[in-house]
$ cat work-v1.tsv   # TSV, C-alpha atoms
chain	number	residue	atom	x	y	z
V	23	MET	CA	102.22	100.15	122.70
V	24	PHE	CA	100.57	102.41	120.14
V	25	LYS	CA	102.40	105.64	119.48
V	26	ILE	CA	100.50	108.92	119.39
V	27	PHE	CA	101.76	111.04	116.52
V	28	ASN	CA	101.05	114.75	116.75
V	29	LYS	CA	103.29	116.39	114.18
V	30	SER	CA	104.78	113.80	111.85
V	31	LYS	CA	102.86	113.02	108.70
V	32	PRO	CA	101.81	109.50	107.78
V	33	GLU	CA	104.35	107.71	105.62
V	34	PHE	CA	102.34	104.67	104.50
V	35	LEU	CA	98.80	103.67	103.64
V	36	VAL	CA	97.63	100.11	104.25
V	37	VAL	CA	94.40	99.66	102.33
V	38	GLY	CA	92.15	96.67	102.90
V	39	LEU	CA	89.67	96.09	100.09
V	40	GLY	CA	86.08	95.03	100.68
V	41	ASN	CA	82.45	96.07	100.56
V	42	PRO	CA	80.83	98.05	103.39
V	43	GLY	CA	77.83	96.81	105.34
V	44	ASP	CA	76.89	93.78	107.42
V	45	LYS	CA	75.64	91.95	104.34
V	46	TYR	CA	79.21	91.53	103.09
V	47	LYS	CA	81.06	91.37	106.43
V	48	ASN	CA	82.14	87.73	106.36
V	49	THR	CA	82.36	87.18	102.61
V	50	ARG	CA	85.43	86.09	100.64
V	51	HIS	CA	85.66	89.43	98.85
V	52	ASN	CA	86.10	91.14	102.25
V	53	VAL	CA	89.33	89.53	103.44
V	54	GLY	CA	91.07	92.89	102.96
V	55	PHE	CA	88.66	94.46	105.47
V	56	MET	CA	89.15	91.46	107.78
V	57	ALA	CA	92.92	91.95	107.72
V	58	VAL	CA	92.62	95.64	108.58
V	59	ASP	CA	90.15	94.84	111.37
V	60	HIS	CA	92.65	92.35	112.81
V	61	ILE	CA	95.43	94.97	112.76
V	62	ILE	CA	93.16	97.55	114.41
V	63	LYS	CA	92.44	95.11	117.23
V	64	GLU	CA	96.00	93.80	117.48
V	65	LYS	CA	97.65	97.21	117.64
V	66	GLY	CA	94.90	99.17	119.36
V	67	ALA	CA	94.77	101.50	116.36
V	68	ALA	CA	93.22	104.84	117.16
V	69	SER	CA	91.59	107.89	115.63
V	70	LYS	CA	88.85	106.42	113.48
V	71	LYS	CA	87.76	108.99	110.95
V	72	VAL	CA	85.32	108.77	108.08
V	73	LYS	CA	86.51	110.97	105.24
V	74	HIS	CA	87.80	110.67	101.69
V	75	HIS	CA	85.20	107.91	101.09
V	76	ALA	CA	86.82	105.69	103.73
V	77	GLU	CA	87.16	104.68	107.35
V	78	ILE	CA	90.67	105.66	108.45
V	79	PHE	CA	92.63	104.55	111.51
V	80	GLU	CA	96.16	105.34	112.70
V	81	THR	CA	98.85	102.97	113.89
V	82	SER	CA	102.55	102.29	113.44
V	83	PHE	CA	104.66	99.61	111.79
V	84	ALA	CA	108.46	99.49	112.07
V	85	ASP	CA	108.48	102.98	113.65
V	86	ASN	CA	106.58	104.46	110.69
V	87	ARG	CA	103.26	106.24	111.02
V	88	VAL	CA	100.67	104.29	109.05
V	89	LEU	CA	97.08	104.98	108.05
V	90	LEU	CA	94.81	101.92	107.88
V	91	VAL	CA	92.12	102.44	105.26
V	92	LYS	CA	88.81	100.69	104.56
V	93	PRO	CA	87.23	102.28	101.45
V	94	GLN	CA	83.46	102.70	101.80
V	95	THR	CA	82.70	103.10	98.09
V	96	PHE	CA	82.15	99.40	97.34
V	97	MET	CA	84.87	97.35	95.71
V	98	ASN	CA	84.62	98.61	92.13
V	99	LEU	CA	85.32	102.22	93.16
V	100	SER	CA	88.11	101.59	95.68
V	101	GLY	CA	90.42	103.90	93.76
V	102	ASP	CA	88.44	107.00	94.77
V	103	ALA	CA	89.46	106.63	98.42
V	104	VAL	CA	93.03	105.55	97.71
V	105	GLU	CA	93.74	108.39	95.29
V	106	GLU	CA	92.22	111.05	97.56
V	107	ILE	CA	93.97	109.92	100.75
V	108	ALA	CA	97.36	109.40	99.11
V	109	SER	CA	97.13	112.82	97.42
V	110	TYR	CA	95.96	114.60	100.57
V	111	HIS	CA	98.80	113.20	102.67
V	112	LYS	CA	101.35	113.31	99.83
V	113	ILE	CA	102.12	109.61	100.20
V	114	PRO	CA	103.97	108.14	97.19
V	115	ILE	CA	102.22	105.26	95.44
V	116	GLU	CA	105.10	102.94	96.35
V	117	ASN	CA	104.11	103.43	100.01
V	118	VAL	CA	100.50	102.39	99.41
V	119	ILE	CA	100.08	98.72	100.31
V	120	VAL	CA	96.82	97.11	99.21
V	121	ILE	CA	95.39	93.93	100.76
V	122	ALA	CA	92.98	92.05	98.49
V	123	ASP	CA	91.40	88.64	97.90
V	124	ASP	CA	92.63	86.35	95.13
V	125	ILE	CA	90.66	83.46	93.64
V	126	SER	CA	93.75	82.09	91.87
V	127	LEU	CA	95.45	81.26	95.18
V	128	PRO	CA	94.59	78.29	97.40
V	129	LEU	CA	92.60	79.21	100.49
V	130	GLY	CA	94.77	81.00	103.04
V	131	ASN	CA	97.88	81.29	100.88
V	132	LEU	CA	99.57	84.68	100.59
V	133	ARG	CA	101.24	86.31	97.62
V	134	ILE	CA	103.13	89.57	98.06
V	135	ARG	CA	104.07	91.61	94.99
V	136	LYS	CA	105.90	94.93	94.57
V	137	LYS	CA	103.68	95.94	91.66
V	138	GLY	CA	101.69	94.44	88.82
V	139	SER	CA	98.45	94.27	86.90
V	140	ALA	CA	94.99	94.01	88.42
V	141	GLY	CA	94.80	90.33	87.57
V	142	GLY	CA	91.08	90.64	86.96
V	143	HIS	CA	90.39	92.10	90.43
V	144	ASN	CA	88.00	95.05	90.09
V	145	GLY	CA	89.22	96.82	93.23
V	146	LEU	CA	92.84	96.73	92.10
V	147	LYS	CA	91.74	97.70	88.60
V	148	ASP	CA	90.04	100.85	89.89
V	149	ILE	CA	93.03	101.83	92.03
V	150	ILE	CA	95.30	101.52	88.98
V	151	LEU	CA	92.81	103.56	86.93
V	152	LYS	CA	92.36	106.37	89.50
V	153	THR	CA	96.02	106.69	90.54
V	154	GLY	CA	97.40	106.09	87.05
V	155	CYS	CA	99.96	103.65	88.52
V	156	ASP	CA	100.37	99.93	89.08
V	157	THR	CA	103.58	100.33	91.10
V	158	PHE	CA	102.00	99.89	94.53
V	159	PRO	CA	102.79	96.79	96.61
V	160	ARG	CA	99.97	94.39	97.27
V	161	VAL	CA	99.29	91.47	99.59
V	162	LYS	CA	96.90	88.95	98.09
V	163	ILE	CA	95.05	86.46	100.27
V	164	GLY	CA	93.87	83.25	98.64
V	165	ILE	CA	90.13	82.62	98.91
V	166	GLY	CA	90.13	79.46	96.80
V	167	ALA	CA	89.12	78.86	93.20
V	168	LYS	CA	85.51	79.11	92.10
V	169	PRO	CA	83.88	75.66	92.16
V	170	PRO	CA	82.50	74.33	88.87
V	171	LYS	CA	79.07	75.70	87.94
V	172	TRP	CA	79.35	78.54	90.49
V	173	ASP	CA	78.82	82.10	89.29
V	174	LEU	CA	81.99	84.11	90.05
V	175	ALA	CA	80.10	86.98	91.72
V	176	LYS	CA	78.21	84.56	93.95
V	177	TRP	CA	81.45	82.79	94.89
V	178	VAL	CA	83.36	85.89	95.98
V	179	LEU	CA	80.30	87.11	97.90
V	180	SER	CA	79.81	83.76	99.66
V	181	GLU	CA	80.80	83.33	103.30
V	182	PHE	CA	83.62	81.20	104.65
V	183	SER	CA	82.78	78.00	106.45
V	184	ALA	CA	84.06	77.64	110.02
V	185	VAL	CA	86.94	75.43	108.84
V	186	GLU	CA	87.83	77.85	106.05
V	187	ARG	CA	87.75	80.78	108.44
V	188	GLU	CA	90.39	79.10	110.62
V	189	LYS	CA	92.78	79.10	107.64
V	190	ILE	CA	91.89	82.69	106.78
V	191	ASP	CA	92.54	83.82	110.35
V	192	VAL	CA	96.05	82.33	110.19
V	193	ALA	CA	96.63	84.10	106.86
V	194	ILE	CA	95.45	87.41	108.32
V	195	LYS	CA	97.89	87.11	111.22
V	196	ASN	CA	100.66	86.50	108.69
V	197	VAL	CA	99.61	89.62	106.77
V	198	SER	CA	100.33	91.70	109.86
V	199	LEU	CA	103.77	90.10	110.22
V	200	ALA	CA	104.47	90.66	106.53
V	201	LEU	CA	103.53	94.33	106.78
V	202	GLU	CA	106.08	94.81	109.56
V	203	LEU	CA	108.79	93.65	107.16
V	204	MET	CA	107.44	95.50	104.13
V	205	ILE	CA	107.07	98.83	105.88
V	206	GLY	CA	110.44	98.31	107.52
V	207	GLY	CA	111.98	98.23	104.04
V	208	ASP	CA	112.38	94.48	103.58
V	209	ILE	CA	109.73	93.58	101.02
V	210	GLU	CA	112.02	90.89	99.60
V	211	GLY	CA	112.19	89.31	103.04
V	212	ALA	CA	108.40	89.41	103.31
V	213	MET	CA	108.06	87.76	99.89
V	214	ASN	CA	110.57	85.05	100.74
V	215	LYS	CA	108.95	84.30	104.08
V	216	PHE	CA	105.24	84.48	103.28
V	217	ASN	CA	104.73	83.82	99.57
V	218	SER	CA	103.32	80.33	99.31
$ encode --input "work-v1.tsv" --output "structure tokens"
Amino acid sequence: MFKIFNKSKPEFLVVGLGNPGDKYKNTRHNVGFMAVDHIIKEKGAASKKVKHHAEIFETSFADNRVLLVKPQTFMNLSGDAVEEIASYHKIPIENVIVIADDISLPLGNLRIRKKGSAGGHNGLKDIILKTGCDTFPRVKIGIGAKPPKWDLAKWVLSEFSAVEREKIDVAIKNVSLALELMIGGDIEGAMNKFNS
């Protein structure tokens, strides 16, 4: 059951990357949003707020108070929301977990990392730029490689087929399980269990 926190401050941010609006709702680039939406539904997350350029919800993982964040700035400016929320709540960058899509991973595969470069992902790139750090953990969800002759922008903004969405839904459920381990202090365990 969801805990109601009155006095304790949030200890972690879980940030799903995506683009706001119905136009982008089911696109590959929005799997970060999809993962957060799943957690909201799964945990009955409460207290939706729209501030700091983001939709913000509250929940708990491993007895820690967690803010679920969906930046509303569009992908390339995701760092605005992350930097503001982390600064406002005094959450260290190592406790900011970002969920993003990855075209270098097969569809539905996960890759958890403690830190690292943006790897060409504009949302991650902006978070690194705005926070000045690349030491935040991230959970990458494979959306499949761009087919030959496809424009990259069109590929990441294309929608999943019904069959593809089944694989993505399994991956999203695994993200929630991985977060329980990561926030509980066992990121190595999460990597060993869920990295494909």
$ residues_near_point --input "work-v1.tsv" --point "(104.1, 97.5, 110.1)" --cutoff "7 Å" --atoms "all atoms listed in the file" --output "count of residues only"
9
$ residues_around --input "work-v1.tsv" --residues "V:Asp191" --least-positions-apart "5" --cutoff "10 Å" --atoms "all atoms listed in the file" --output "ChimeraX atom specification"
/V:53,56-57,60,130,186,196-197
$ residues_around --input "work-v1.tsv" --residues "stretch 114-125 of chain V" --least-positions-apart "4" --cutoff "8 Å" --atoms "only C-alpha atoms" --output "CSV table (one decimal) with C-alpha atoms, in the frame of the given file"
chain,number,residue,atom,x,y,z
V,33,GLU,CA,104.4,107.7,105.6
V,34,PHE,CA,102.3,104.7,104.5
V,35,LEU,CA,98.8,103.7,103.6
V,36,VAL,CA,97.6,100.1,104.2
V,37,VAL,CA,94.4,99.7,102.3
V,38,GLY,CA,92.2,96.7,102.9
V,39,LEU,CA,89.7,96.1,100.1
V,40,GLY,CA,86.1,95.0,100.7
V,50,ARG,CA,85.4,86.1,100.6
V,51,HIS,CA,85.7,89.4,98.8
V,52,ASN,CA,86.1,91.1,102.2
V,53,VAL,CA,89.3,89.5,103.4
V,54,GLY,CA,91.1,92.9,103.0
V,57,ALA,CA,92.9,92.0,107.7
V,108,ALA,CA,97.4,109.4,99.1
V,143,HIS,CA,90.4,92.1,90.4
V,146,LEU,CA,92.8,96.7,92.1
V,155,CYS,CA,100.0,103.6,88.5
V,157,THR,CA,103.6,100.3,91.1
V,158,PHE,CA,102.0,99.9,94.5
V,159,PRO,CA,102.8,96.8,96.6
V,160,ARG,CA,100.0,94.4,97.3
V,161,VAL,CA,99.3,91.5,99.6
V,162,LYS,CA,96.9,89.0,98.1
V,163,ILE,CA,95.0,86.5,100.3
V,164,GLY,CA,93.9,83.2,98.6
V,165,ILE,CA,90.1,82.6,98.9
V,166,GLY,CA,90.1,79.5,96.8
V,167,ALA,CA,89.1,78.9,93.2
V,168,LYS,CA,85.5,79.1,92.1
$ atom_distance --input "work-v1.tsv" --atom1 "atom CA of V:Glu105" --atom2 "atom CA of V:Thr153"
5.5 Å
$ residues_near_point --input "work-v1.tsv" --point "(86.6, 102.7, 102.0)" --cutoff "8 Å" --atoms "only C-alpha atoms" --output "ChimeraX atom specification"
/V:39-42,75-77,91-96,100,103
$ write_last_selection --input "work-v1.tsv" --atoms "C-alpha atoms" --output "PDB file, in the frame of the given file"
ATOM      1  CA  LEU V  39      89.670  96.090 100.090  1.00  0.00           C
ATOM      2  CA  GLY V  40      86.080  95.030 100.680  1.00  0.00           C
ATOM      3  CA  ASN V  41      82.450  96.070 100.560  1.00  0.00           C
ATOM      4  CA  PRO V  42      80.830  98.050 103.390  1.00  0.00           C
ATOM      5  CA  HIS V  75      85.200 107.910 101.090  1.00  0.00           C
ATOM      6  CA  ALA V  76      86.820 105.690 103.730  1.00  0.00           C
ATOM      7  CA  GLU V  77      87.160 104.680 107.350  1.00  0.00           C
ATOM      8  CA  VAL V  91      92.120 102.440 105.260  1.00  0.00           C
ATOM      9  CA  LYS V  92      88.810 100.690 104.560  1.00  0.00           C
ATOM     10  CA  PRO V  93      87.230 102.280 101.450  1.00  0.00           C
ATOM     11  CA  GLN V  94      83.460 102.700 101.800  1.00  0.00           C
ATOM     12  CA  THR V  95      82.700 103.100  98.090  1.00  0.00           C
ATOM     13  CA  PHE V  96      82.150  99.400  97.340  1.00  0.00           C
ATOM     14  CA  SER V 100      88.110 101.590  95.680  1.00  0.00           C
ATOM     15  CA  ALA V 103      89.460 106.630  98.420  1.00  0.00           C
TER      16      ALA V 103
END
$ atom_distance --input "work-v1.tsv" --atom1 "atom CA of V:Ile78" --atom2 "atom CA of V:Asp102"
13.9 Å
$ closest_residue --input "work-v1.tsv" --among "V:Val88, V:Met97, V:Ala200, V:Val58" --to "V:His111" --atoms "only C-alpha atoms"
V:Val88
$ atom_distance --input "work-v1.tsv" --atom1 "atom CA of V:Ile61" --atom2 "atom CA of V:Arg133"
18.4 Å
$ closest_residue --input "work-v1.tsv" --among "V:Gly142, V:Pro170, V:Gly207, V:Pro32" --to "V:Arg87" --atoms "only C-alpha atoms"
V:Pro32
$ closest_residue --input "work-v1.tsv" --among "V:Lys73, V:Lys189, V:Lys152, V:Lys47" --to "V:Val104" --atoms "only C-alpha atoms"
V:Lys152
$ axis_aligned_box --input "work-v1.tsv" --around "stretch 140-158 of chain V" --padding-each-side "3 Å" --output "AutoDock Vina command-line options"
--center_x 95.8 --center_y 98.5 --center_z 90.7 --size_x 21.6 --size_y 22.4 --size_z 13.6
$ closest_residue --input "work-v1.tsv" --among "V:Lys65, V:Ser109, V:Ile134, V:Leu129" --to "V:Phe182" --atoms "only C-alpha atoms"
V:Leu129
$ decode --input "work-v1.tsv" --residues "stretch 55-206 of chain V" --atoms "C-alpha atoms" --output "compact mmCIF listing (two decimals), in the first residue's frame"
# COMPACT_ATOMS: atom_id res chain seq x y z
CA PHE V 55 7.11 8.18 -19.89
CA MET V 56 5.50 4.77 -20.40
CA ALA V 57 7.60 3.29 -17.59
CA VAL V 58 6.65 6.07 -15.19
CA ASP V 59 2.98 5.72 -16.14
CA HIS V 60 3.19 2.00 -15.36
CA ILE V 61 4.70 2.70 -11.93
CA ILE V 62 2.04 5.32 -11.19
CA LYS V 63 -0.68 2.78 -11.95
CA GLU V 64 1.09 -0.14 -10.25
CA LYS V 65 1.79 1.70 -7.01
CA GLY V 66 -1.18 4.04 -6.93
CA ALA V 67 1.22 6.98 -6.87
CA ALA V 68 -0.36 10.14 -5.55
CA SER V 69 -0.02 13.90 -5.45
CA LYS V 70 0.30 14.85 -9.09
CA LYS V 71 1.78 18.30 -9.34
CA VAL V 72 2.85 20.33 -12.33
CA LYS V 73 5.85 22.47 -11.40
CA HIS V 74 9.53 22.80 -12.24
CA HIS V 75 8.66 22.11 -15.91
CA ALA V 76 7.37 18.64 -15.04
CA GLU V 77 4.54 16.42 -13.89
CA ILE V 78 5.53 15.06 -10.47
CA PHE V 79 4.05 12.15 -8.52
CA GLU V 80 4.98 10.60 -5.17
CA THR V 81 5.49 6.96 -4.30
CA SER V 82 7.90 4.72 -2.42
CA PHE V 83 10.48 2.10 -3.33
CA ALA V 84 12.33 0.01 -0.74
CA ASP V 85 10.96 2.22 2.06
CA ASN V 86 12.37 5.37 0.44
CA ARG V 87 10.25 8.34 -0.57
CA VAL V 88 10.52 8.76 -4.34
CA LEU V 89 9.37 11.44 -6.76
CA LEU V 90 8.33 10.21 -10.20
CA VAL V 91 9.04 12.86 -12.81
CA LYS V 92 7.85 13.38 -16.40
CA PRO V 93 9.57 16.50 -17.81
CA GLN V 94 7.20 18.60 -19.93
CA THR V 95 9.89 20.58 -21.78
CA PHE V 96 10.27 18.17 -24.72
CA MET V 97 13.17 15.73 -24.83
CA ASN V 98 16.00 18.09 -25.75
CA LEU V 99 15.46 20.26 -22.66
CA SER V 100 14.89 17.49 -20.10
CA GLY V 101 17.72 18.83 -17.96
CA ASP V 102 15.73 21.93 -16.98
CA ALA V 103 13.25 19.88 -14.97
CA VAL V 104 15.81 17.47 -13.53
CA GLU V 105 18.17 20.20 -12.35
CA GLU V 106 15.40 22.30 -10.80
CA ILE V 107 13.71 19.43 -8.95
CA ALA V 108 16.94 17.89 -7.69
CA SER V 109 18.17 21.30 -6.49
CA TYR V 110 14.86 22.22 -4.85
CA HIS V 111 14.68 18.96 -2.90
CA LYS V 112 18.45 18.75 -2.33
CA ILE V 113 18.63 15.30 -3.91
CA PRO V 114 22.18 14.24 -4.83
CA ILE V 115 22.73 13.43 -8.50
CA GLU V 116 23.60 9.82 -7.59
CA ASN V 117 19.98 9.46 -6.40
CA VAL V 118 18.53 10.64 -9.70
CA ILE V 119 17.60 7.63 -11.84
CA VAL V 120 16.77 8.36 -15.47
CA ILE V 121 14.75 6.02 -17.70
CA ALA V 122 15.36 6.51 -21.42
CA ASP V 123 15.05 4.79 -24.80
CA ASP V 124 18.08 3.31 -26.54
CA ILE V 125 18.30 2.51 -30.26
CA SER V 126 21.50 0.48 -29.77
CA LEU V 127 19.67 -2.16 -27.72
CA PRO V 128 17.39 -4.85 -29.16
CA LEU V 129 13.70 -4.19 -28.62
CA GLY V 130 12.72 -4.73 -24.99
CA ASN V 131 16.23 -5.31 -23.64
CA LEU V 132 17.33 -3.36 -20.58
CA ARG V 133 20.70 -1.89 -19.73
CA ILE V 134 21.32 -0.40 -16.30
CA ARG V 135 24.36 1.81 -15.73
CA LYS V 136 25.65 3.67 -12.67
CA LYS V 137 26.87 6.58 -14.79
CA GLY V 138 28.18 7.36 -18.25
CA SER V 139 28.01 9.51 -21.34
CA ALA V 140 24.85 10.52 -23.17
CA GLY V 141 25.53 7.98 -25.90
CA GLY V 142 24.00 10.30 -28.47
CA HIS V 143 20.69 10.62 -26.56
CA ASN V 144 19.61 14.27 -26.52
CA GLY V 145 17.62 13.99 -23.29
CA LEU V 146 20.55 12.50 -21.39
CA LYS V 147 22.87 15.01 -23.03
CA ASP V 148 20.80 17.93 -21.71
CA ILE V 149 20.62 16.47 -18.20
CA ILE V 150 24.42 16.14 -18.16
CA LEU V 151 24.74 19.71 -19.47
CA LYS V 152 22.30 21.28 -16.98
CA THR V 153 23.43 19.35 -13.88
CA GLY V 154 27.11 19.38 -14.81
CA CYS V 155 27.32 15.66 -13.94
CA ASP V 156 27.15 12.30 -15.69
CA THR V 157 27.20 10.32 -12.43
CA PHE V 158 23.47 9.59 -12.30
CA PRO V 159 22.21 6.01 -12.76
CA ARG V 160 20.16 5.28 -15.83
CA VAL V 161 17.90 2.51 -17.07
CA LYS V 162 17.89 2.22 -20.84
CA ILE V 163 15.10 0.42 -22.67
CA GLY V 164 15.87 -0.97 -26.11
CA ILE V 165 13.62 0.30 -28.88
CA GLY V 166 15.43 -1.48 -31.69
CA ALA V 167 17.90 -0.22 -34.27
CA LYS V 168 16.85 2.16 -37.01
CA PRO V 169 15.97 0.22 -40.17
CA PRO V 170 17.99 0.99 -43.31
CA LYS V 171 16.87 4.11 -45.17
CA TRP V 172 14.84 5.34 -42.18
CA ASP V 173 15.49 8.85 -40.88
CA LEU V 174 16.55 8.61 -37.21
CA ALA V 175 14.08 11.26 -36.03
CA LYS V 176 11.22 9.52 -37.81
CA TRP V 177 12.23 6.16 -36.31
CA VAL V 178 12.31 7.29 -32.68
CA LEU V 179 9.01 9.14 -33.19
CA SER V 180 7.33 6.12 -34.79
CA GLU V 181 4.82 4.03 -32.84
CA PHE V 182 5.28 0.46 -31.67
CA SER V 183 3.36 -2.28 -33.41
CA ALA V 184 1.08 -4.44 -31.25
CA VAL V 185 3.68 -7.23 -31.16
CA GLU V 186 6.47 -4.79 -30.28
CA ARG V 187 4.37 -3.24 -27.54
CA GLU V 188 4.02 -6.65 -25.85
CA LYS V 189 7.82 -6.82 -25.52
CA ILE V 190 7.99 -3.23 -24.31
CA ASP V 191 5.33 -3.89 -21.67
CA VAL V 192 7.41 -6.77 -20.28
CA ALA V 193 10.49 -4.51 -20.23
CA ILE V 194 8.56 -1.79 -18.40
CA LYS V 195 7.47 -4.25 -15.70
CA ASN V 196 11.11 -5.25 -15.30
CA VAL V 197 12.09 -1.58 -14.92
CA SER V 198 9.87 -1.35 -11.86
CA LEU V 199 11.47 -4.48 -10.37
CA ALA V 200 14.94 -3.11 -11.14
CA LEU V 201 14.15 0.19 -9.43
CA GLU V 202 13.20 -1.66 -6.24
CA LEU V 203 16.72 -3.12 -6.15
CA MET V 204 18.49 0.07 -7.23
CA ILE V 205 16.76 2.30 -4.70
CA GLY V 206 17.24 -0.36 -2.07
